[in-house]
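*Asks:* After the structure tokens below, expect a handful of questions from me.
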Amino acid sequence: MLKEMLINVRKKSPLVHNITNYVTVNDCANILLACGGSPIMADDVEEAAEITAICGGLNINIGTLNARTIPAMHVAGKKANELGHPVVLDPVGAGASTLRTKTANDLIREIKFTVIRGNSSEIKTLALGAGTTRGVDADIADSVTKDNLEQAVAFAKEFSKKTGAVVAITGAIDIVADDKTAYCIFNGHPMMSSITGTGCQLSALTAAYVTANPDTPLEATAAAVCAMGICGEKAYSRLSKEDGNATYRNYIIDAVYHLSGEELERLARYEIR
Amino acid sequence: MLKEMLINVRKKSPLVHNITNYVTVNDCANILLACGGSPIMADDVEEAAEITAICGGLNINIGTLNARTIPAMHVAGKKANELGHPVVLDPVGAGASTLRTKTANDLIREIKFTVIRGNSSEIKTLALGAGTTRGVDADIADSVTKDNLEQAVAFAKEFSKKTGAVVAITGAIDIVADDKTAYCIFNGHPMMSSITGTGCQLSALTAAYVTANPDTPLEATAAAVCAMGICGEKAYSRLSKEDGNATYRNYIIDAVYHLSGEELERLARYEIR
Amino acid sequence: MLKEMLINVRKKSPLVHNITNYVTVNDCANILLACGGSPIMADDVEEAAEITAICGGLNINIGTLNARTIPAMHVAGKKANELGHPVVLDPVGAGASTLRTKTANDLIREIKFTVIRGNSSEIKTLALGAGTTRGVDADIADSVTKDNLEQAVAFAKEFSKKTGAVVAITGAIDIVADDKTAYCIFNGHPMMSSITGTGCQLSALTAAYVTANPDTPLEATAAAVCAMGICGEKAYSRLSKEDGNATYRNYIIDAVYHLSGEELERLARYEIR
């Protein structure tokens with residue numbers, strides 16, 4: 001099942017419009033190419049709708065948002081909705097500033113998202129109006145663990161019901177849920193949090209997966225999340241003693257470049273609740 | 001001949017002003033350093049002319065253009081013309097949006113470019129007012145192949161005549177032409193298209209080459225295009241089984257760092273038409 | 001002594017707000033993670049003060065400054081001063097344009113900086129109103145050498161006295177000084193200047209060090225400068241024959257990821273004047 005998701009990305013080579021932060025944008029572009037997709041970045045309001053229209057999917061990431069790019073996010077999102085294109089939201093740092101929380105909430109109100117992907121603090125902020133975001137990282141108090149997994153799954157399903165989006169809460173354990181079904185995903189490696197932008201990269205990857213699999217957004221998102229986690233594991237196993245987070249960043253993208261459908265299917269570790 | 005072009009870059013260490021997109025800007029800076037040049041990035045209209053004036057050459061790349069940076073492109077371009085500095089245009093995504101096509105056309109009308117470098121779809125858009133740009137990548141319908149090479153050469157010469165610029169159309173086969181002479185270049189590797197920004201990097205590299213070789217822009221551009229292709233080949237040959245596009249990106253820049261004039265001369269594969 | 005500085009960074013994991021250029025921002029984020037800190041980038045005036053408030057320290061870097069981000073630098077700097085948070089200034093390209101020189105001078109007048117870190121040309125421009133900045137690199141005429149070291153130390157102490165900041169002038173020999181004491185640091189490798197943004201990365205690293213060691217800014221800055229230099233040496237020793245500046249960039253960040261307090265203490269080469 002996950003296998004088909006990946007194969008469709010390689011086959012269809014989805015073109016994804018990204019309005020994203022300038023910190024991790026290069027990695028987002030390279031991971032989209034690695035998975036078999038094709039990236040275009042454009043954030044000026046004058047061209048946003050037109051670029052969205054020539055693409056298959058849209059990825060909105062609010063990191064380093066500003067007064068100039070926020071209107072472009074709205075324009076692009078509305079155009080994507082109008083055309084029935086999948087749209088992913090990555091609410092980077094929601095909870096860290098009023099501007100970020102407000103922008104994420106405004107976007108969710110005005111645009112129908114296919115997927116909302118964030119860490120637990122960001123998603124809590126959006127769902128409950130309060131979280132304990134520590135900058136752009138999740139606060140430990142918000143972590144999903146084996147002990148609170150049941151609660152976290154119910155929370156994700158509830159937020160999916162409210163927004164109509166597949167909800168992906170990523171961390172040590174990842175949850176990917178629609179209003180009825182949740183994938184609890186155990187792939188990944190702790191060292192992934194020592195690289196800037198693994199979350200941003202995953203959102204870009206997810207946009208490619210849902211664009212290539214428009215009828216199965218839940219499975220497509222779960223496949224993207226498993227793929228990223230597996231690549232984090234594979235890349236970690238390649239590291240030599242002197243390699244650190246910079247080499248690890250490259251190896252994760254390299255692993256995405258080589259990941260096959262068969263491997264994704266075989267190495268994915270998840271349960272459905 | 002190509003050899004001297006490279007040697008001049010290493011000897012003169014040209015300082016290049018880049019107004020470029022935020023996706024691939026870091027790679028552009030590192031490839032400029034790798035070849036022996038020196039980069040400075042500045043895109044605010046208030047300092048654009050002054051930065052251009054202290055540099056030897058200018059590289060204008062319209063990827064992620066916006067209302068704030070477009071005026072800076074014009075101001076910098078005019079100052080470079082005034083001072084007789086070489087100017088390179090990379091019309092990223094021309095044809096993908098009205099704003100990009102218009103901006104590229106406006107720039108070509110108002111600024112005398114030394115080199116215009118793009119993929120076949122971008123250049124067709126600018127020359128013919130129509131192309132089939134697929135986002136920031138060339139459409140397959142526009143590809144230069146052995147079968148249409150003669151036509152493509154004539155087209156490049158014609159566009160060079162019209163603009164007064166050396167025209168570089170890069171893809172599987174690269175064409176570098178002025179109004180009379182064309183280099184058809186066969187270096188490179190297909191995997192280069194799996195990295196974001198090899199085109200942007202080549203434009204930055206070209207800016208260094210034409211700045212260090214102001215009297216021979218055709219040969220300097222051909223040398224830069226051959227150098228990039230050769231480095232794509234050399235980097236590919238270093239890849240291990242698990243290396244993907246991220247490592248490949250690093251190895252190409254590494255190869256530019258080490259490329260010698262002798263190697264460039266020996267490994268360049270081209271014919272002159 | 002230097003050892004404790006590093007250990008505090010790893011222990012406290014300081015959250016650093018960066019308003020920085022888009023050329024080297026990804027490397028700044030990854031080096032902050034590598035050293036044990038945590039980065040957040042935010043440059044819109046509407047959220048700047050709020051992001052500063054949730055962080056422990058602030059790093060202002062004026063590369064690719066623009067009309068939109070300059071006010072955010074002021075707002076964030078004032079908030080950091082109000083809260084007693086350490087603030088680092090990296091005056092990238094001061095002397096290269098009127099806008100950069102004016103912006104750096106305005107910031108120094110209005111904000112109390114904990115550390116000002118730049119190359120010799122940038123610092124001369126700010127201290128004397130004149131330098132011979134070559135783009136974003138120091139001019140050779142301004143270099144600190146064994147012959148002019150005594151003078152350079154006196155100059156750094158004088159500028160520290162004037163600004164109240166620890167002054168870090170980095171190059172072949174680095175000087176880190178307050179008004180009374182100067183560390184002359186001999187670590188590093190010439191190849192570091194073939195990578196874009198080693199200076200920017202060092203400023204980000206310094207911000208993490210002074211944030212984790214608020215009572216000893218001189219020693220913390222000296223420790224950060226030694227750490228960067230040592231990592232430049234260690235990374236250089238890993239390079240294979242075909243590796244160039246791109247791989248070197250990754251290896252330096254990797255080395256920061258692994259550097260221990262014991263190594264920092266043992267490998268630091270400096271004298272105190």
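Residue numbers start at 1 in each chain; chains themselves are named A, B, ... in the order of the structure tokens; ligands are numbered from 1 in the order shown.
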Give as a PyMOL selection string every residue of chain C that touches chain B within 10 Å, counting only C-alpha atoms.
*Replies:* chain C and resi 21-27+63-68+93+96-100+133-137+193-197+241-250
*Asks:* Would you give me, as a Markdown table, each residue of range 166-193 of chain B having an atom within 10 Å of an atom of range 108-120 of chain B, along with its shortest atom pair and that distance in Å to one decimal, using only C-alpha atoms and sorting by chain and residue number?
*Replies:*
| residue | atom | partner | partner_atom | distance |
| --- | --- | --- | --- | --- |
| B:Val166 | CA | B:Val115 | CA | 4.6 |
| B:Val167 | CA | B:Ile116 | CA | 5.1 |
| B:Ala168 | CA | B:Arg117 | CA | 4.5 |
| B:Ile169 | CA | B:Asn119 | CA | 5.3 |
| B:Thr170 | CA | B:Asn119 | CA | 5.1 |
| B:Gly171 | CA | B:Asn119 | CA | 6.3 |
| B:Ala172 | CA | B:Asn119 | CA | 10.0 |
| B:Asp174 | CA | B:Asn119 | CA | 9.0 |
| B:Ile175 | CA | B:Ser120 | CA | 9.7 |
| B:Val176 | CA | B:Arg117 | CA | 8.8 |
| B:Ala177 | CA | B:Val115 | CA | 9.6 |
| B:Asp178 | CA | B:Val115 | CA | 9.4 |
*Asks:* So that I can check the secondary structure, give me every residue of range 29-268 of chain C assigned strand (DSSP E) by backbone DSSP, as a list in words.
*Replies:*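 Strand (DSSP E) members of range 29-268 of chain C, listed: Ser38, Pro39, Ile40, Met41, Gly57, Leu58, Asn59, Ile60, Asn61, Val87, Val88, Leu89, Asp90, Val115, Ile116, Arg117, Gly118, Val166, Val167, Ala168, Ile169, Asp174, Ile175, Val176, Ala177, Ala182, Tyr183, Cys184 and Ile185 of chain C.
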*Asks:* Export, as an mmCIF file, in the first residue's frame, the selected residues with N, CA and C atoms.
*Replies:*
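Printed below is result.cif as written:
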data_model
loop_
_atom_site.group_PDB
_atom_site.id
_atom_site.type_symbol
_atom_site.label_atom_id
_atom_site.label_comp_id
_atom_site.auth_asym_id
_atom_site.auth_seq_id
_atom_site.Cartn_x
_atom_site.Cartn_y
_atom_site.Cartn_z
ATOM 1 N N SER C 38 20.127 26.058 19.870
ATOM 2 C CA SER C 38 18.895 25.890 19.118
ATOM 3 C C SER C 38 18.611 27.211 18.401
ATOM 4 N N PRO C 39 18.390 27.179 17.089
ATOM 5 C CA PRO C 39 18.219 28.414 16.340
ATOM 6 C C PRO C 39 16.752 28.739 16.072
ATOM 7 N N ILE C 40 16.434 30.018 16.029
ATOM 8 C CA ILE C 40 15.180 30.437 15.408
ATOM 9 C C ILE C 40 15.482 31.674 14.577
ATOM 10 N N MET C 41 14.963 31.673 13.350
ATOM 11 C CA MET C 41 15.163 32.786 12.445
ATOM 12 C C MET C 41 13.823 33.496 12.276
ATOM 13 N N GLY C 57 19.325 34.618 23.560
ATOM 14 C CA GLY C 57 20.295 35.525 22.953
ATOM 15 C C GLY C 57 19.870 35.920 21.550
ATOM 16 N N LEU C 58 20.562 36.922 21.017
ATOM 17 C CA LEU C 58 20.208 37.477 19.700
ATOM 18 C C LEU C 58 21.466 37.639 18.865
ATOM 19 N N ASN C 59 21.361 37.292 17.590
ATOM 20 C CA ASN C 59 22.466 37.433 16.646
ATOM 21 C C ASN C 59 21.992 38.260 15.462
ATOM 22 N N ILE C 60 22.549 39.460 15.307
ATOM 23 C CA ILE C 60 22.165 40.340 14.192
ATOM 24 C C ILE C 60 23.294 40.360 13.180
ATOM 25 N N ASN C 61 22.961 39.981 11.945
ATOM 26 C CA ASN C 61 23.939 39.890 10.850
ATOM 27 C C ASN C 61 23.378 40.707 9.701
ATOM 28 N N VAL C 87 23.691 40.127 22.952
ATOM 29 C CA VAL C 87 23.440 40.441 21.534
ATOM 30 C C VAL C 87 24.769 40.497 20.788
ATOM 31 N N VAL C 88 24.822 39.797 19.663
ATOM 32 C CA VAL C 88 26.020 39.803 18.817
ATOM 33 C C VAL C 88 25.714 40.570 17.535
ATOM 34 N N LEU C 89 26.686 41.383 17.087
ATOM 35 C CA LEU C 89 26.551 42.057 15.785
ATOM 36 C C LEU C 89 27.606 41.521 14.831
ATOM 37 N N ASP C 90 27.163 41.142 13.628
ATOM 38 C CA ASP C 90 28.087 40.798 12.551
ATOM 39 C C ASP C 90 27.866 41.815 11.435
ATOM 40 N N VAL C 115 28.917 41.497 21.868
ATOM 41 C CA VAL C 115 30.061 41.181 20.998
ATOM 42 C C VAL C 115 29.839 41.816 19.630
ATOM 43 N N ILE C 116 30.897 42.383 19.075
ATOM 44 C CA ILE C 116 30.898 42.783 17.668
ATOM 45 C C ILE C 116 31.980 41.953 16.995
ATOM 46 N N ARG C 117 31.566 41.145 16.011
ATOM 47 C CA ARG C 117 32.535 40.266 15.332
ATOM 48 C C ARG C 117 32.569 40.535 13.844
ATOM 49 N N GLY C 118 33.723 40.855 13.309
ATOM 50 C CA GLY C 118 33.846 41.065 11.874
ATOM 51 C C GLY C 118 35.268 40.833 11.423
ATOM 52 N N VAL C 166 32.627 43.273 23.609
ATOM 53 C CA VAL C 166 33.791 42.462 23.273
ATOM 54 C C VAL C 166 33.966 42.572 21.765
ATOM 55 N N VAL C 167 35.199 42.797 21.324
ATOM 56 C CA VAL C 167 35.456 42.963 19.895
ATOM 57 C C VAL C 167 36.216 41.746 19.386
ATOM 58 N N ALA C 168 35.676 41.115 18.354
ATOM 59 C CA ALA C 168 36.354 39.964 17.755
ATOM 60 C C ALA C 168 36.681 40.304 16.308
ATOM 61 N N ILE C 169 37.988 40.400 16.036
ATOM 62 C CA ILE C 169 38.459 40.667 14.674
ATOM 63 C C ILE C 169 39.041 39.356 14.179
ATOM 64 N N ASP C 174 43.280 35.792 14.928
ATOM 65 C CA ASP C 174 42.059 36.383 15.472
ATOM 66 C C ASP C 174 42.377 37.142 16.747
ATOM 67 N N ILE C 175 41.723 38.270 16.924
ATOM 68 C CA ILE C 175 41.859 39.009 18.184
ATOM 69 C C ILE C 175 40.485 39.108 18.837
ATOM 70 N N VAL C 176 40.416 38.739 20.109
ATOM 71 C CA VAL C 176 39.172 38.874 20.877
ATOM 72 C C VAL C 176 39.519 39.728 22.092
ATOM 73 N N ALA C 177 38.919 40.891 22.176
ATOM 74 C CA ALA C 177 39.357 41.822 23.213
ATOM 75 C C ALA C 177 38.220 42.552 23.902
ATOM 76 N N ALA C 182 43.234 41.047 25.765
ATOM 77 C CA ALA C 182 43.010 40.513 24.417
ATOM 78 C C ALA C 182 43.533 39.086 24.293
ATOM 79 N N TYR C 183 42.710 38.225 23.695
ATOM 80 C CA TYR C 183 43.161 36.903 23.281
ATOM 81 C C TYR C 183 43.618 37.021 21.820
ATOM 82 N N CYS C 184 44.862 36.605 21.552
ATOM 83 C CA CYS C 184 45.335 36.501 20.169
ATOM 84 C C CYS C 184 45.300 35.018 19.841
ATOM 85 N N ILE C 185 44.480 34.674 18.858
ATOM 86 C CA ILE C 185 44.179 33.252 18.623
ATOM 87 C C ILE C 185 44.764 32.808 17.286
#
*Asks:* Within 7 Å of Ala268 in chain A, counting only C-alpha atoms, which residues qualify if same-chain residues fewer than 3 places away don't, as a list in words?
*Replies:*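 Once the nearby chain positions are removed, what remains is Asn187, Cys226, Ile230, Leu264 and Glu265 of chain A.
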*Asks:* Would you return as number ranges by chain the members of range 39-125 of chain B that DSSP assigns to alpha helix (DSSP H) on this structure's backbone?
*Replies:* B: 45-54, 69-83, 98-110, 120-125
